[in-house]
Amino acid sequence: MRRREIAREVVVWLITILMVLMFGAAGLRKFSEHSGWTVMFHNLGFPDWFRILIGAIETAAALLLLYPRTAAYGAMANVAVMIGAIASVSMHGWTHSLPQPTVALVLSAIILAARWRQRVRLSQWIMSRASSSSP
């Protein structure tokens, strides 16, 4: 690898580790009824099941980010969740809450772009699983 490619890969991994820690921790905290997330989701008018769903998506996305072949899918999930977060806080006028999901959206988009070519193509993966399990 050339220096530029190595530097790019190091930057992508640093961003990925940051996002894994951020989304992993935030996702897991959403499962607790005593976290600030519960209050925030209630203040935004969302039911408890939605908070838990978002927590599950964020936790799963954090795990997907750890493997370059699935990182694009984890980043896609994070982008979708962050678009929803930005829309939710914007509609309630909570402009002070916008920087964190905006930064997370941009960093997730960087990972998505960087890992897109490395992704495992789901159709190929499904076909390889089906052929390996047939008698």
# chains A, B, ... in the order shown; residues from 1 in each chain; ligands from 1
>>> residues_around(residues="Gly55 (chain A)", least_positions_apart="3", cutoff="10 Å", atoms="only C-alpha atoms", output="ChimeraX atom specification")
/A:23-32,37,49-52,58-61
>>> select_by_dssp(residues="region 29-133 of chain A", states="helix (DSSP H, G or I)", output="count of residues only")
86
>>> residues_around(residues="region 18-22 of chain A", least_positions_apart="5", cutoff="12 Å", atoms="only C-alpha atoms", output="ChimeraX atom specification")
/A:11-13,27-29,55,58-67,71,74-75,78-79,100-101,103-112
>>> closest_residue(among="A:Ile6, A:Met40, A:Ala77, A:Leu14", to="Ala56 (chain A)", atoms="only C-alpha atoms")
A:Ala77
>>> closest_residue(among="A:Ala85, A:Leu98, A:Ala7, A:Val120", to="Ile54 (chain A)", atoms="only C-alpha atoms")
A:Ala85
>>> residues_around(residues="region 88-95 of chain A", least_positions_apart="4", cutoff="10 Å", atoms="only C-alpha atoms", output="NGL selection string")
:A and (40-41 or 43-46 or 82-84 or 99 or 101)
>>> closest_residue(among="A:Ser131, A:Thr16, A:Thr38, A:Thr70", to="Arg117 (chain A)", atoms="only C-alpha atoms")
A:Thr70
>>> atom_distance(atom1="CA of Arg8 (chain A)", atom2="CA of Arg121 (chain A)")
23.0 Å
>>> closest_residue(among="A:Ala130, A:Val39, A:Ala114, A:Ile15", to="Tyr73 (chain A)", atoms="only C-alpha atoms")
A:Ala114
>>> closest_residue(among="A:Ile86, A:Pro68, A:His34, A:Ser97", to="Ile17 (chain A)", atoms="only C-alpha atoms")
A:Pro68
>>> closest_residue(among="A:Glu5, A:Val10, A:Met76, A:Ala87", to="Ile57 (chain A)", atoms="only C-alpha atoms")
A:Met76
>>> atom_distance(atom1="CA of Arg115 (chain A)", atom2="CA of Ala72 (chain A)")
5.4 Å
